[in-house]
$ cat start_28.tsv   # TSV, C-alpha atoms
chain	number	residue	atom	x	y	z
A	268	ALA	CA	20.29	72.18	-39.16
A	269	THR	CA	18.37	73.52	-36.15
A	270	ALA	CA	15.38	74.30	-38.35
A	271	VAL	CA	15.41	70.79	-39.80
A	272	LEU	CA	15.58	69.23	-36.33
A	273	LEU	CA	12.70	71.40	-35.09
A	274	GLN	CA	10.60	70.50	-38.15
A	275	SER	CA	11.38	66.81	-37.64
A	276	ARG	CA	10.35	67.02	-33.99
A	277	THR	CA	7.14	68.85	-34.92
A	278	ASP	CA	6.29	66.17	-37.50
A	279	MET	CA	6.89	63.42	-34.93
A	280	ASP	CA	4.74	65.24	-32.40
A	281	ILE	CA	1.88	65.40	-34.91
A	282	ILE	CA	2.21	61.69	-35.71
A	283	THR	CA	2.31	60.87	-31.99
A	284	ALA	CA	-0.78	63.00	-31.34
A	285	ILE	CA	-2.66	61.17	-34.11
A	286	LEU	CA	-1.63	57.75	-32.77
A	287	LEU	CA	-2.63	58.67	-29.22
A	288	GLY	CA	-5.91	60.06	-30.53
A	289	ILE	CA	-6.68	56.71	-32.15
A	290	VAL	CA	-5.88	54.91	-28.89
A	291	GLU	CA	-8.17	57.31	-27.00
A	292	GLY	CA	-11.00	56.84	-29.48
A	293	LEU	CA	-10.78	53.05	-29.36
A	294	THR	CA	-10.63	52.75	-25.56
A	295	GLU	CA	-12.75	55.58	-24.09
A	296	PHE	CA	-16.09	53.78	-24.33
A	297	LEU	CA	-14.87	50.27	-23.63
A	298	PRO	CA	-14.46	49.02	-20.03
A	299	VAL	CA	-10.69	49.49	-20.31
A	300	SER	CA	-8.75	52.53	-19.19
A	301	SER	CA	-8.24	55.03	-22.02
A	302	THR	CA	-5.80	57.09	-19.94
A	303	GLY	CA	-3.93	53.94	-18.93
A	304	HIS	CA	-3.61	52.85	-22.55
A	305	LEU	CA	-2.45	56.33	-23.53
A	306	ILE	CA	0.29	56.18	-20.89
A	307	LEU	CA	1.38	52.71	-22.04
A	308	ALA	CA	1.26	53.77	-25.69
A	309	THR	CA	3.47	56.75	-24.87
A	310	GLU	CA	5.95	54.44	-23.15
A	311	LEU	CA	5.90	51.90	-25.99
A	312	LEU	CA	6.51	54.64	-28.55
A	313	GLY	CA	9.56	55.65	-26.54
A	314	TYR	CA	8.38	59.11	-25.55
A	315	ASP	CA	8.72	60.92	-22.25
A	316	ALA	CA	5.50	60.11	-20.36
A	317	ALA	CA	5.79	63.28	-18.27
A	318	ARG	CA	5.95	65.42	-21.41
A	319	TRP	CA	2.76	63.86	-22.79
A	320	ALA	CA	0.85	63.62	-19.50
A	321	ILE	CA	-1.04	66.88	-20.04
A	322	PHE	CA	-1.88	65.90	-23.61
A	323	ASN	CA	-3.31	62.59	-22.40
A	324	ILE	CA	-5.71	64.53	-20.18
A	325	ALA	CA	-6.46	67.36	-22.63
A	326	ILE	CA	-7.56	64.88	-25.30
A	327	GLN	CA	-10.61	63.91	-23.21
A	328	PRO	CA	-12.93	66.67	-24.61
A	329	GLY	CA	-13.14	64.62	-27.81
A	330	ALA	CA	-14.90	61.90	-25.85
A	331	ILE	CA	-17.24	64.47	-24.29
A	332	LEU	CA	-18.16	65.80	-27.74
A	333	ALA	CA	-18.86	62.27	-28.97
A	334	ILE	CA	-21.33	61.69	-26.10
A	335	VAL	CA	-23.10	64.99	-26.73
A	336	VAL	CA	-23.45	64.22	-30.45
A	337	LEU	CA	-24.66	60.67	-29.83
A	338	TYR	CA	-27.20	61.55	-27.13
A	339	TRP	CA	-28.17	65.09	-28.14
A	340	ARG	CA	-31.88	64.23	-28.19
A	341	THR	CA	-31.71	62.94	-24.63
A	342	PHE	CA	-29.98	66.12	-23.43
A	343	LYS	CA	-32.50	68.25	-25.32
A	344	ASP	CA	-35.43	66.42	-23.69
A	345	VAL	CA	-33.84	66.74	-20.23
A	346	LEU	CA	-33.25	70.47	-20.64
A	347	ILE	CA	-36.82	71.02	-21.81
A	348	GLY	CA	-38.05	68.85	-18.95
A	349	LEU	CA	-36.07	70.87	-16.41
A	350	THR	CA	-37.74	74.10	-17.54
A	351	ARG	CA	-41.06	72.40	-16.78
A	352	TRP	CA	-39.69	70.72	-13.63
A	353	GLU	CA	-40.67	67.27	-14.88
A	354	ALA	CA	-39.93	64.52	-12.37
A	355	SER	CA	-37.93	62.34	-14.78
A	356	SER	CA	-35.67	65.22	-15.91
A	357	VAL	CA	-35.09	66.35	-12.33
A	358	ALA	CA	-34.24	62.77	-11.25
A	359	PHE	CA	-31.91	62.34	-14.24
A	360	THR	CA	-30.00	65.52	-13.36
A	361	ARG	CA	-29.98	64.76	-9.63
A	362	ASN	CA	-28.51	61.30	-10.18
A	363	LEU	CA	-25.68	62.60	-12.36
A	364	LEU	CA	-24.82	65.45	-9.98
A	365	VAL	CA	-24.85	63.17	-6.93
A	366	ALA	CA	-22.58	60.67	-8.71
A	367	PHE	CA	-20.26	63.47	-9.82
A	368	VAL	CA	-19.63	65.02	-6.37
A	369	PRO	CA	-17.26	62.32	-4.97
A	370	ALA	CA	-14.91	62.79	-7.94
A	371	VAL	CA	-14.79	66.53	-7.31
A	372	VAL	CA	-13.99	66.12	-3.61
A	373	LEU	CA	-11.31	63.44	-4.02
A	374	GLY	CA	-9.88	65.04	-7.15
A	375	LEU	CA	-9.27	68.30	-5.34
A	376	ALA	CA	-7.95	66.55	-2.23
A	377	PHE	CA	-5.51	64.21	-3.99
A	378	GLY	CA	-4.75	66.05	-7.22
A	379	ASP	CA	-0.98	66.11	-6.70
A	380	ILE	CA	-0.79	62.38	-5.99
A	381	ILE	CA	-2.95	61.59	-9.02
A	382	GLU	CA	-0.69	63.71	-11.21
A	383	LEU	CA	2.37	61.77	-10.08
A	384	MET	CA	0.68	58.45	-10.82
A	385	LEU	CA	-0.01	59.56	-14.39
A	386	GLU	CA	3.68	59.08	-15.13
A	387	ASN	CA	3.90	55.55	-13.71
A	388	ALA	CA	3.39	52.78	-16.28
A	389	VAL	CA	3.80	50.05	-13.62
A	390	ILE	CA	0.71	51.29	-11.74
A	391	VAL	CA	-1.19	51.30	-15.03
A	392	ALA	CA	-0.19	47.72	-15.82
A	393	TRP	CA	-1.27	46.39	-12.41
A	394	ALA	CA	-4.54	48.33	-12.55
A	395	LEU	CA	-5.35	46.85	-15.97
A	396	ILE	CA	-4.71	43.31	-14.69
A	397	ILE	CA	-6.83	43.79	-11.56
A	398	GLY	CA	-9.53	45.46	-13.65
A	399	GLY	CA	-9.69	42.41	-15.89
A	400	PHE	CA	-10.38	40.15	-12.93
A	401	ALA	CA	-12.98	42.63	-11.63
A	402	ILE	CA	-14.86	42.41	-14.95
A	403	LEU	CA	-14.94	38.61	-14.72
A	404	LEU	CA	-16.18	38.68	-11.12
A	405	VAL	CA	-18.97	41.17	-11.77
A	406	GLU	CA	-20.09	39.31	-14.88
A	407	ARG	CA	-20.19	36.10	-12.86
A	408	PHE	CA	-21.89	37.24	-9.65
A	409	ALA	CA	-23.81	40.48	-10.33
A	410	LYS	CA	-27.60	40.20	-10.46
A	411	PRO	CA	-28.80	43.39	-12.14
A	412	VAL	CA	-32.50	44.03	-12.73
A	413	GLU	CA	-34.23	46.14	-15.38
A	414	VAL	CA	-34.29	49.75	-14.18
A	415	GLY	CA	-35.52	51.51	-17.29
A	416	GLY	CA	-33.24	54.50	-17.58
A	417	VAL	CA	-30.92	56.81	-15.65
A	418	ALA	CA	-33.85	58.75	-14.15
A	419	ASN	CA	-35.05	55.56	-12.44
A	420	VAL	CA	-31.74	54.80	-10.72
A	421	THR	CA	-32.12	55.28	-6.97
A	422	LEU	CA	-30.28	57.96	-5.03
A	423	ARG	CA	-28.33	55.30	-3.13
A	424	GLN	CA	-27.26	53.59	-6.35
A	425	SER	CA	-26.17	56.95	-7.80
A	426	ILE	CA	-24.03	57.71	-4.74
A	427	MET	CA	-22.41	54.27	-4.88
A	428	VAL	CA	-21.66	54.62	-8.60
A	429	GLY	CA	-20.07	57.99	-7.88
A	430	LEU	CA	-17.85	56.46	-5.21
A	431	VAL	CA	-16.80	53.61	-7.49
A	432	GLN	CA	-15.98	56.11	-10.24
A	433	CYS	CA	-13.30	57.58	-7.96
A	434	LEU	CA	-11.26	54.40	-8.45
A	435	ALA	CA	-10.65	55.65	-11.99
A	436	MET	CA	-8.38	58.36	-10.59
A	437	ILE	CA	-5.81	55.57	-10.46
A	438	PRO	CA	-4.26	55.42	-13.95
A	439	GLY	CA	-5.18	52.11	-15.56
A	440	VAL	CA	-8.57	51.87	-13.85
A	441	SER	CA	-11.23	52.44	-16.48
A	442	ARG	CA	-13.74	55.17	-15.61
A	443	SER	CA	-16.40	53.66	-17.85
A	444	GLY	CA	-15.54	50.16	-16.66
A	445	ALA	CA	-15.67	51.11	-12.98
A	446	THR	CA	-19.01	52.91	-13.30
A	447	ILE	CA	-20.67	50.31	-15.52
A	448	LEU	CA	-19.51	47.36	-13.43
A	449	GLY	CA	-20.22	49.26	-10.22
A	450	ALA	CA	-23.76	50.06	-11.32
A	451	MET	CA	-24.37	46.46	-12.34
A	452	GLY	CA	-22.98	45.30	-9.01
A	453	PHE	CA	-25.51	47.55	-7.26
A	454	GLY	CA	-28.41	46.08	-9.24
A	455	VAL	CA	-28.66	48.31	-12.33
A	456	ASP	CA	-29.24	46.65	-15.71
A	457	ARG	CA	-26.41	46.72	-18.26
A	458	LYS	CA	-27.99	49.21	-20.71
A	459	THR	CA	-28.86	51.74	-18.00
A	460	ALA	CA	-25.45	51.26	-16.38
A	461	ALA	CA	-23.71	52.01	-19.69
A	462	GLU	CA	-25.82	55.12	-20.33
A	463	PHE	CA	-25.27	56.33	-16.76
A	464	SER	CA	-21.53	55.94	-17.30
A	465	PHE	CA	-21.58	57.84	-20.60
A	466	PHE	CA	-23.67	60.72	-19.25
A	467	LEU	CA	-21.58	60.92	-16.08
A	468	ALA	CA	-18.48	61.28	-18.27
A	469	ILE	CA	-19.51	64.79	-19.32
A	470	PRO	CA	-19.14	66.56	-15.94
A	471	THR	CA	-16.34	64.23	-14.81
A	472	LEU	CA	-14.10	64.56	-17.87
A	473	THR	CA	-14.81	68.27	-18.06
$ encode --input "start_28.tsv" --output "structure tokens"
Amino acid sequence: ATAVLLQSRTDMDIITAILLGIVEGLTEFLPVSSTGHLILATELLGYDAARWAIFNIAIQPGAILAIVVLYWRTFKDVLIGLTRWEASSVAFTRNLLVAFVPAVVLGLAFGDIIELMLENAVIVAWALIIGGFAILLVERFAKPVEVGGVANVTLRQSIMVGLVQCLAMIPGVSRSGATILGAMGFGVDRKTAAEFSFFLAIPTLT
């Protein structure tokens, strides 16, 4: 009987992991919180959110791999450019590193608080609602201009995007949404803002 119960639990865990993986895949690159949706999905499926909290974080490398596969030519060109110290490759790398630093500092400083919030579906729900209004406001009032790529984003804009990204430490706040909308709010065109967000995901999610 014990063996049957253990097998049943293992099968349910596998099914849950697959379902959560689908949720992650559908939400990671949209301006909605993938982690927030994972937490809500866990709650809706009736599982212990605390038990699945680590899984909901550990699943992120799949998103990193997707970005690397999709933009491998860009990363190849940047790496080659860095060996030659080309201005565009240096600027590209500088912008991502500068935007990444605030997340490192705040993540280390408030890691325990963030971990507690990962188990709170109410925080997620409110963050999703507020995030929806934020999307509408930015779409209505932002006046982005054509920048022409991540390497052409200014240092100030990169710093500001990095600070906005820190909002995504609150479960339910979309990392991609915060960075894309933040970049557009600071004058970066939509395409460049989206690419900046995707590239910035690699060091941040790692």
$ atom_distance --input "start_28.tsv" --atom1 "atom CA of A:Asp344" --atom2 "atom CA of A:Ala418"
12.3 Å
$ closest_residue --input "start_28.tsv" --among "A:Leu286, A:Val299, A:Leu404, A:Leu467" --to "A:Gln432" --atoms "all atoms listed in the file"
A:Leu467
$ closest_residue --input "start_28.tsv" --among "A:Ala388, A:Leu364, A:Leu383, A:Ile281" --to "A:Leu311" --atoms "all atoms listed in the file"
A:Ala388
$ residues_around --input "start_28.tsv" --residues "A:Ser425" --least-positions-apart "4" --cutoff "9 Å" --atoms "all atoms listed in the file" --output "ChimeraX atom specification"
/A:361-366,420-421,429-430,450
$ write_last_selection --input "start_28.tsv" --atoms "C-alpha atoms" --output "PDB file, in the frame of the given file"
ATOM      1  CA  ARG A 361     -29.980  64.760  -9.630  1.00  0.00           C
ATOM      2  CA  ASN A 362     -28.510  61.300 -10.180  1.00  0.00           C
ATOM      3  CA  LEU A 363     -25.680  62.600 -12.360  1.00  0.00           C
ATOM      4  CA  LEU A 364     -24.820  65.450  -9.980  1.00  0.00           C
ATOM      5  CA  VAL A 365     -24.850  63.170  -6.930  1.00  0.00           C
ATOM      6  CA  ALA A 366     -22.580  60.670  -8.710  1.00  0.00           C
ATOM      7  CA  VAL A 420     -31.740  54.800 -10.720  1.00  0.00           C
ATOM      8  CA  THR A 421     -32.120  55.280  -6.970  1.00  0.00           C
ATOM      9  CA  GLY A 429     -20.070  57.990  -7.880  1.00  0.00           C
ATOM     10  CA  LEU A 430     -17.850  56.460  -5.210  1.00  0.00           C
ATOM     11  CA  ALA A 450     -23.760  50.060 -11.320  1.00  0.00           C
TER      12      ALA A 450
END
$ atom_distance --input "start_28.tsv" --atom1 "atom CA of A:Ile306" --atom2 "atom CA of A:Ala445"
18.5 Å
$ build_atoms --input "start_28.tsv" --residues "stretch 330-342 of chain A" --atoms "N, CA, C and O atoms" --output "tab-separated table (two decimals), in the frame of the given file"
chain	number	residue	atom	x	y	z
A	330	ALA	N	-13.94	62.90	-26.32
A	330	ALA	CA	-14.90	61.90	-25.85
A	330	ALA	C	-16.19	62.57	-25.39
A	330	ALA	O	-17.30	62.06	-25.62
A	331	ILE	N	-16.06	63.73	-24.74
A	331	ILE	CA	-17.24	64.47	-24.29
A	331	ILE	C	-18.09	64.86	-25.49
A	331	ILE	O	-19.32	64.71	-25.49
A	332	LEU	N	-17.44	65.37	-26.53
A	332	LEU	CA	-18.16	65.80	-27.74
A	332	LEU	C	-18.89	64.62	-28.37
A	332	LEU	O	-20.03	64.76	-28.83
A	333	ALA	N	-18.24	63.46	-28.39
A	333	ALA	CA	-18.86	62.27	-28.97
A	333	ALA	C	-20.15	61.91	-28.23
A	333	ALA	O	-21.16	61.54	-28.85
A	334	ILE	N	-20.13	62.01	-26.90
A	334	ILE	CA	-21.33	61.69	-26.10
A	334	ILE	C	-22.45	62.68	-26.39
A	334	ILE	O	-23.61	62.30	-26.57
A	335	VAL	N	-22.10	63.95	-26.46
A	335	VAL	CA	-23.10	64.99	-26.73
A	335	VAL	C	-23.74	64.77	-28.09
A	335	VAL	O	-24.97	64.87	-28.25
A	336	VAL	N	-22.93	64.45	-29.10
A	336	VAL	CA	-23.45	64.22	-30.45
A	336	VAL	C	-24.34	62.99	-30.48
A	336	VAL	O	-25.42	62.99	-31.09
A	337	LEU	N	-23.92	61.92	-29.81
A	337	LEU	CA	-24.66	60.67	-29.83
A	337	LEU	C	-26.00	60.77	-29.09
A	337	LEU	O	-27.01	60.22	-29.54
A	338	TYR	N	-26.00	61.49	-27.97
A	338	TYR	CA	-27.20	61.55	-27.13
A	338	TYR	C	-27.83	62.94	-27.10
A	338	TYR	O	-28.49	63.29	-26.13
A	339	TRP	N	-27.69	63.71	-28.18
A	339	TRP	CA	-28.17	65.09	-28.14
A	339	TRP	C	-29.68	65.18	-27.91
A	339	TRP	O	-30.16	66.10	-27.24
A	340	ARG	N	-30.43	64.21	-28.41
A	340	ARG	CA	-31.88	64.23	-28.19
A	340	ARG	C	-32.22	64.05	-26.72
A	340	ARG	O	-33.14	64.69	-26.19
A	341	THR	N	-31.48	63.16	-26.07
A	341	THR	CA	-31.71	62.94	-24.63
A	341	THR	C	-31.45	64.22	-23.84
A	341	THR	O	-32.24	64.61	-22.98
A	342	PHE	N	-30.31	64.88	-24.13
A	342	PHE	CA	-29.98	66.12	-23.43
A	342	PHE	C	-31.00	67.21	-23.72
A	342	PHE	O	-31.36	67.99	-22.83
